[in-house]
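See below for query26.tsv, which holds TSV, N, CA and C atoms.
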```tsv
chain	number	residue	atom	x	y	z
A	1	MET	N	0.82	-1.19	0.00
A	1	MET	CA	0.00	0.00	0.00
A	1	MET	C	0.87	1.26	0.00
A	2	GLY	N	1.93	1.26	0.75
A	2	GLY	CA	2.84	2.40	0.82
A	2	GLY	C	3.53	2.65	-0.51
A	3	ILE	N	3.89	1.58	-1.21
A	3	ILE	CA	4.55	1.72	-2.51
A	3	ILE	C	3.59	2.34	-3.54
A	4	VAL	N	2.35	1.91	-3.52
A	4	VAL	CA	1.35	2.47	-4.44
A	4	VAL	C	1.13	3.95	-4.14
A	5	PHE	N	1.00	4.29	-2.87
A	5	PHE	CA	0.81	5.69	-2.49
A	5	PHE	C	2.03	6.52	-2.89
A	6	GLY	N	3.22	6.02	-2.64
A	6	GLY	CA	4.45	6.73	-2.99
A	6	GLY	C	4.57	6.91	-4.50
A	7	GLY	N	4.22	5.89	-5.27
A	7	GLY	CA	4.27	5.98	-6.73
A	7	GLY	C	3.27	7.00	-7.26
A	8	ALA	N	2.06	6.97	-6.69
A	8	ALA	CA	1.04	7.93	-7.11
A	8	ALA	C	1.46	9.35	-6.78
A	9	PHE	N	2.07	9.53	-5.63
A	9	PHE	CA	2.55	10.85	-5.23
A	9	PHE	C	3.65	11.32	-6.18
A	10	ALA	N	4.58	10.43	-6.55
A	10	ALA	CA	5.67	10.77	-7.46
A	10	ALA	C	5.12	11.15	-8.84
A	11	VAL	N	4.16	10.39	-9.33
A	11	VAL	CA	3.57	10.69	-10.64
A	11	VAL	C	2.86	12.04	-10.59
A	12	ALA	N	2.11	12.30	-9.54
A	12	ALA	CA	1.42	13.58	-9.41
A	12	ALA	C	2.41	14.73	-9.36
A	13	ALA	N	3.51	14.56	-8.66
A	13	ALA	CA	4.54	15.60	-8.58
A	13	ALA	C	5.16	15.87	-9.94
A	14	ILE	N	5.42	14.83	-10.70
A	14	ILE	CA	6.00	14.99	-12.03
A	14	ILE	C	5.02	15.71	-12.96
A	15	VAL	N	3.77	15.32	-12.91
A	15	VAL	CA	2.76	15.97	-13.76
A	15	VAL	C	2.61	17.44	-13.40
A	16	LEU	N	2.54	17.75	-12.12
A	16	LEU	CA	2.41	19.14	-11.69
A	16	LEU	C	3.63	19.97	-12.07
A	17	SER	N	4.80	19.40	-11.95
A	17	SER	CA	6.02	20.16	-12.22
A	17	SER	C	6.28	20.36	-13.71
A	18	THR	N	5.76	19.51	-14.56
A	18	THR	CA	6.04	19.65	-15.99
A	18	THR	C	4.89	20.23	-16.80
A	19	ILE	N	3.68	19.97	-16.41
A	19	ILE	CA	2.53	20.42	-17.21
A	19	ILE	C	1.86	21.64	-16.57
A	20	VAL	N	1.56	21.57	-15.31
A	20	VAL	CA	0.80	22.63	-14.65
A	20	VAL	C	1.68	23.82	-14.32
A	21	PHE	N	2.88	23.61	-13.83
A	21	PHE	CA	3.75	24.70	-13.40
A	21	PHE	C	5.17	24.46	-13.91
A	22	PRO	N	5.41	24.74	-15.19
A	22	PRO	CA	6.75	24.51	-15.73
A	22	PRO	C	7.81	25.39	-15.07
A	23	PHE	N	8.94	24.82	-14.83
A	23	PHE	CA	10.05	25.50	-14.16
A	23	PHE	C	10.53	26.70	-14.96
A	24	TRP	N	10.55	26.59	-16.28
A	24	TRP	CA	11.11	27.67	-17.08
A	24	TRP	C	10.27	28.94	-17.03
A	25	ASN	N	9.05	28.87	-16.52
A	25	ASN	CA	8.27	30.09	-16.33
A	25	ASN	C	8.80	30.93	-15.18
A	26	LEU	N	9.60	30.32	-14.31
A	26	LEU	CA	10.20	31.08	-13.21
A	26	LEU	C	11.39	31.91	-13.68
A	27	ILE	N	12.03	31.50	-14.76
A	27	ILE	CA	13.21	32.18	-15.28
A	27	ILE	C	12.77	33.05	-16.45
A	28	ARG	N	12.80	34.34	-16.24
A	28	ARG	CA	12.36	35.28	-17.27
A	28	ARG	C	13.58	35.96	-17.89
A	29	GLU	N	13.46	36.24	-19.16
A	29	GLU	CA	14.50	36.97	-19.87
A	29	GLU	C	14.46	38.43	-19.44
A	30	ASP	N	15.63	38.99	-19.11
A	30	ASP	CA	15.71	40.41	-18.75
A	30	ASP	C	15.68	41.26	-20.02
A	31	VAL	N	14.86	42.30	-19.97
A	31	VAL	CA	14.73	43.22	-21.10
A	31	VAL	C	15.18	44.60	-20.62
A	32	PHE	N	16.00	45.27	-21.41
A	32	PHE	CA	16.44	46.63	-21.12
A	32	PHE	C	15.83	47.54	-22.17
A	33	GLU	N	15.27	48.67	-21.70
A	33	GLU	CA	14.61	49.58	-22.63
A	33	GLU	C	14.74	51.02	-22.15
A	34	ASP	N	14.95	51.92	-23.10
A	34	ASP	CA	14.96	53.35	-22.80
A	34	ASP	C	13.51	53.83	-22.82
A	35	VAL	N	13.10	54.50	-21.75
A	35	VAL	CA	11.70	54.93	-21.61
A	35	VAL	C	11.65	56.36	-21.08
A	36	VAL	N	10.45	56.92	-21.13
A	36	VAL	CA	10.17	58.23	-20.55
A	36	VAL	C	9.18	58.02	-19.40
A	37	ILE	N	9.48	58.61	-18.26
A	37	ILE	CA	8.60	58.51	-17.10
A	37	ILE	C	7.29	59.23	-17.39
A	38	LEU	N	6.17	58.51	-17.27
A	38	LEU	CA	4.87	59.12	-17.51
A	38	LEU	C	4.39	59.90	-16.30
A	39	THR	N	4.41	59.27	-15.13
A	39	THR	CA	4.00	59.93	-13.90
A	39	THR	C	4.84	59.42	-12.73
A	40	ASN	N	4.90	60.23	-11.70
A	40	ASN	CA	5.53	59.84	-10.45
A	40	ASN	C	4.51	60.12	-9.35
A	41	ASN	N	4.01	59.06	-8.74
A	41	ASN	CA	2.98	59.19	-7.71
A	41	ASN	C	3.60	58.80	-6.37
A	42	LYS	N	4.15	59.78	-5.66
A	42	LYS	CA	4.73	59.56	-4.32
A	42	LYS	C	5.79	58.47	-4.32
A	43	GLY	N	6.70	58.50	-5.29
A	43	GLY	CA	7.80	57.53	-5.33
A	43	GLY	C	7.52	56.30	-6.17
A	44	THR	N	6.35	56.20	-6.77
A	44	THR	CA	6.04	55.09	-7.66
A	44	THR	C	5.86	55.65	-9.07
A	45	CYS	N	6.78	55.27	-9.97
A	45	CYS	CA	6.74	55.77	-11.34
A	45	CYS	C	6.05	54.77	-12.25
A	46	TYR	N	5.46	55.31	-13.30
A	46	TYR	CA	4.80	54.48	-14.31
A	46	TYR	C	5.38	54.83	-15.67
A	47	VAL	N	5.67	53.78	-16.46
A	47	VAL	CA	6.20	53.96	-17.81
A	47	VAL	C	5.48	53.01	-18.76
A	48	GLU	N	5.51	53.36	-20.04
A	48	GLU	CA	4.95	52.51	-21.09
A	48	GLU	C	6.12	51.92	-21.87
A	49	THR	N	6.04	50.63	-22.17
A	49	THR	CA	7.11	49.94	-22.88
A	49	THR	C	6.60	49.38	-24.20
A	50	LYS	N	7.53	48.86	-25.00
A	50	LYS	CA	7.18	48.33	-26.32
A	50	LYS	C	6.27	47.12	-26.26
A	51	ASP	N	6.29	46.37	-25.14
A	51	ASP	CA	5.44	45.19	-25.04
A	51	ASP	C	4.01	45.52	-24.61
A	52	SER	N	3.69	46.81	-24.51
A	52	SER	CA	2.34	47.31	-24.18
A	52	SER	C	1.86	46.91	-22.79
A	53	ILE	N	2.78	46.54	-21.91
A	53	ILE	CA	2.44	46.25	-20.52
A	53	ILE	C	2.99	47.41	-19.69
A	54	PRO	N	2.12	48.24	-19.10
A	54	PRO	CA	2.62	49.36	-18.28
A	54	PRO	C	3.49	48.83	-17.15
A	55	LYS	N	4.60	49.48	-16.92
A	55	LYS	CA	5.54	49.06	-15.88
A	55	LYS	C	5.44	49.99	-14.68
A	56	ILE	N	5.58	49.39	-13.51
A	56	ILE	CA	5.58	50.10	-12.23
A	56	ILE	C	6.99	50.07	-11.68
A	57	ILE	N	7.48	51.23	-11.27
A	57	ILE	CA	8.82	51.33	-10.69
A	57	ILE	C	8.69	51.88	-9.29
A	58	GLN	N	9.06	51.08	-8.30
A	58	GLN	CA	9.00	51.49	-6.89
A	58	GLN	C	10.25	52.30	-6.54
A	59	ASN	N	10.15	53.15	-5.52
A	59	ASN	CA	11.26	53.97	-5.01
A	59	ASN	C	11.89	54.80	-6.13
A	60	CYS	N	11.06	55.44	-6.91
A	60	CYS	CA	11.51	56.21	-8.07
A	60	CYS	C	11.66	57.68	-7.66
A	61	ASP	N	12.81	58.27	-8.00
A	61	ASP	CA	13.03	59.68	-7.68
A	61	ASP	C	13.02	60.57	-8.92
A	62	LEU	N	12.62	60.03	-10.07
A	62	LEU	CA	12.54	60.81	-11.30
A	62	LEU	C	11.19	61.49	-11.44
A	63	GLN	N	11.13	62.48	-12.31
A	63	GLN	CA	9.90	63.24	-12.53
A	63	GLN	C	9.30	62.91	-13.89
A	64	SER	N	8.07	63.29	-14.10
A	64	SER	CA	7.40	63.09	-15.38
A	64	SER	C	8.21	63.73	-16.50
A	65	GLY	N	8.41	63.00	-17.58
A	65	GLY	CA	9.17	63.50	-18.72
A	65	GLY	C	10.64	63.14	-18.71
A	66	ASP	N	11.16	62.67	-17.58
A	66	ASP	CA	12.57	62.26	-17.51
A	66	ASP	C	12.79	60.99	-18.33
A	67	LYS	N	13.93	60.92	-19.00
A	67	LYS	CA	14.30	59.73	-19.77
A	67	LYS	C	15.24	58.88	-18.93
A	68	THR	N	15.07	57.56	-19.01
A	68	THR	CA	15.92	56.64	-18.25
A	68	THR	C	15.92	55.28	-18.92
A	69	THR	N	16.77	54.41	-18.44
A	69	THR	CA	16.81	53.02	-18.90
A	69	THR	C	16.29	52.14	-17.78
A	70	ILE	N	15.40	51.22	-18.12
A	70	ILE	CA	14.85	50.30	-17.12
A	70	ILE	C	15.16	48.86	-17.50
A	71	LYS	N	15.07	48.00	-16.49
A	71	LYS	CA	15.23	46.56	-16.68
A	71	LYS	C	13.99	45.90	-16.12
A	72	PHE	N	13.44	44.95	-16.90
A	72	PHE	CA	12.26	44.22	-16.43
A	72	PHE	C	12.27	42.82	-17.02
A	73	GLY	N	11.57	41.93	-16.35
A	73	GLY	CA	11.42	40.57	-16.84
A	73	GLY	C	10.37	40.53	-17.93
A	74	LYS	N	10.63	39.77	-18.96
A	74	LYS	CA	9.70	39.68	-20.09
A	74	LYS	C	8.32	39.29	-19.60
A	75	GLY	N	7.32	40.12	-19.94
A	75	GLY	CA	5.94	39.85	-19.57
A	75	GLY	C	5.54	40.29	-18.18
A	76	LEU	N	6.45	40.90	-17.43
A	76	LEU	CA	6.14	41.33	-16.07
A	76	LEU	C	5.76	42.81	-16.03
A	77	ALA	N	5.07	43.22	-14.99
A	77	ALA	CA	4.57	44.58	-14.88
A	77	ALA	C	5.41	45.47	-13.98
A	78	TRP	N	6.50	44.99	-13.43
A	78	TRP	CA	7.32	45.86	-12.60
A	78	TRP	C	8.74	45.90	-13.16
A	79	ALA	N	9.41	47.00	-12.89
A	79	ALA	CA	10.73	47.24	-13.46
A	79	ALA	C	11.61	47.95	-12.45
A	80	THR	N	12.89	48.03	-12.78
A	80	THR	CA	13.85	48.78	-11.97
A	80	THR	C	14.62	49.72	-12.88
A	81	ILE	N	15.03	50.84	-12.33
A	81	ILE	CA	15.82	51.81	-13.08
A	81	ILE	C	17.26	51.39	-13.05
A	82	ILE	N	17.90	51.45	-14.22
A	82	ILE	CA	19.33	51.15	-14.34
A	82	ILE	C	20.09	52.46	-14.22
A	83	LYS	N	20.90	52.56	-13.19
A	83	LYS	CA	21.70	53.77	-12.97
A	83	LYS	C	22.99	53.65	-13.78
A	84	PRO	N	23.36	54.72	-14.49
A	84	PRO	CA	24.61	54.68	-15.29
A	84	PRO	C	25.85	54.67	-14.43
```
Kindly transcribe the structure held in the file into structure tokens.
Amino acid sequence: MGIVFGGAFAVAAIVLSTIVFPFWNLIREDVFEDVVILTNNKGTCYVETKDSIPKIIQNCDLQSGDKTTIKFGKGLAWATIIKP
């Protein structure tokens, strides 16, 4: 009985790890893009990128209209400013 339960558990783990939640979805490609800050709302900046997903930048000290380079994971909605 223990062997059957252990085998079923192993099969379920393999199915979940490969079909339902693939590991490679955790590893995102980093994208670097030059953008213009749209707004700064009390330290949270918003920018528009080429992938049409608005990005949120926390702890932002730039003002609306400032140009900067950001880094974000492909398909993600948050980014960080790259300091030169």
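With distances restricted to all atoms listed in the file, A:Val35 is the closest residue to A:Ile70 from A:Cys45, A:Val35, A:Ser17, A:Lys50.
Proximity to A:Asp61 was assessed for A:Thr18, A:Ala8, A:Thr44, A:Leu76 counting all atoms listed in the file; the smallest distance is recorded for A:Thr44.
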>> Under the rule that only C-alpha atoms are counted, which of A:Ala77, A:Asp30, A:Asn40, A:Val4 is the nearest residue to A:Ser52?
In response: A:Ala77
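Shortest atom-to-atom contact with A:Val36 among A:Gly7, A:Thr68, A:Ile53, A:Cys60: A:Thr68, counting all atoms listed in the file.
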> Among chain A, which ones does DSSP place in strand (DSSP E or B), written as a PyMOL selection string?
Replying inline: chain A and resi 30-36+39-41+44-47+55-57+67-73+78-82
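Taking atom CA of A:Lys55 and atom CA of A:Val31 as the two end points, the separation is 12.1 Å.
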Could you go through stretch 20-75 of chain A and tell me which residues DSSP, when run on the backbone, assigns to helix (DSSP H, G or I), listing them as a PDB file with N, CA and C atoms, keeping the file's coordinate frame?
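Once written, states19.pdb looks like this:
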```
ATOM      1  N   VAL A  20       1.560  21.570 -15.310  1.00  0.00           N
ATOM      2  CA  VAL A  20       0.800  22.630 -14.650  1.00  0.00           C
ATOM      3  C   VAL A  20       1.680  23.820 -14.320  1.00  0.00           C
ATOM      4  N   PHE A  23       8.940  24.820 -14.830  1.00  0.00           N
ATOM      5  CA  PHE A  23      10.050  25.500 -14.160  1.00  0.00           C
ATOM      6  C   PHE A  23      10.530  26.700 -14.960  1.00  0.00           C
ATOM      7  N   TRP A  24      10.550  26.590 -16.280  1.00  0.00           N
ATOM      8  CA  TRP A  24      11.110  27.670 -17.080  1.00  0.00           C
ATOM      9  C   TRP A  24      10.270  28.940 -17.030  1.00  0.00           C
ATOM     10  N   ASN A  25       9.050  28.870 -16.520  1.00  0.00           N
ATOM     11  CA  ASN A  25       8.270  30.090 -16.330  1.00  0.00           C
ATOM     12  C   ASN A  25       8.800  30.930 -15.180  1.00  0.00           C
TER      13      ASN A  25
END
```
> Hey, what's within 6.5 Å of A:Gln63 if we count only N, CA and C atoms and toss same-chain stuff fewer than 5 positions away? As a list in words, please?
Replying inline: Ile37, Leu38, Thr39 and Asn40 of chain A
Could you work out an axis-aligned bounding box for all listed atoms of stretch 63-74 of chain A, with 5 Å added on each of the six sides, and give its centre and edge lengths in Å to one decimal, as JSON?
```
{"center_x": 12.1, "center_y": 51.5, "center_z": -16.2, "size_x": 19.4, "size_y": 34.4, "size_z": 17.8}
```
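Computed from the coordinates, the atom CA of A:Glu48 to atom N of A:Phe32 distance equals 13.2 Å.
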> Which residue out of A:Leu16, A:Tyr46, A:Gly2, A:Asp51 has the minimum interatomic distance to A:Gly73 when only C-alpha atoms are used?
Replying inline: A:Asp51
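If you measure from each of A:Leu62, A:Ile14, A:Ile56, A:Ile27 to A:Trp78 using only C-alpha atoms, the closest one turns out to be A:Ile56.
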> When you draw a straight line from atom CA of A:Ile82 to atom CA of A:Lys42, how long is it in Å?
Replying inline: 19.6 Å
>> Given the point (15.0, 49.1, -9.2) in the coordinates of this file, which residues lie within 7 Å, counting all atoms listed in the file, and how would they look as a PyMOL selection string?
In response: chain A and resi 57-58+79-82
>> Would you pick out the contacts of A:Arg28 at 8 Å or less, using all atoms listed in the file, so that residues sharing its chain but fewer than 4 positions from it are not included, and give the list as a list in words?
In response: Trp24, Phe72, Gly73, Lys74 and Gly75 of chain A
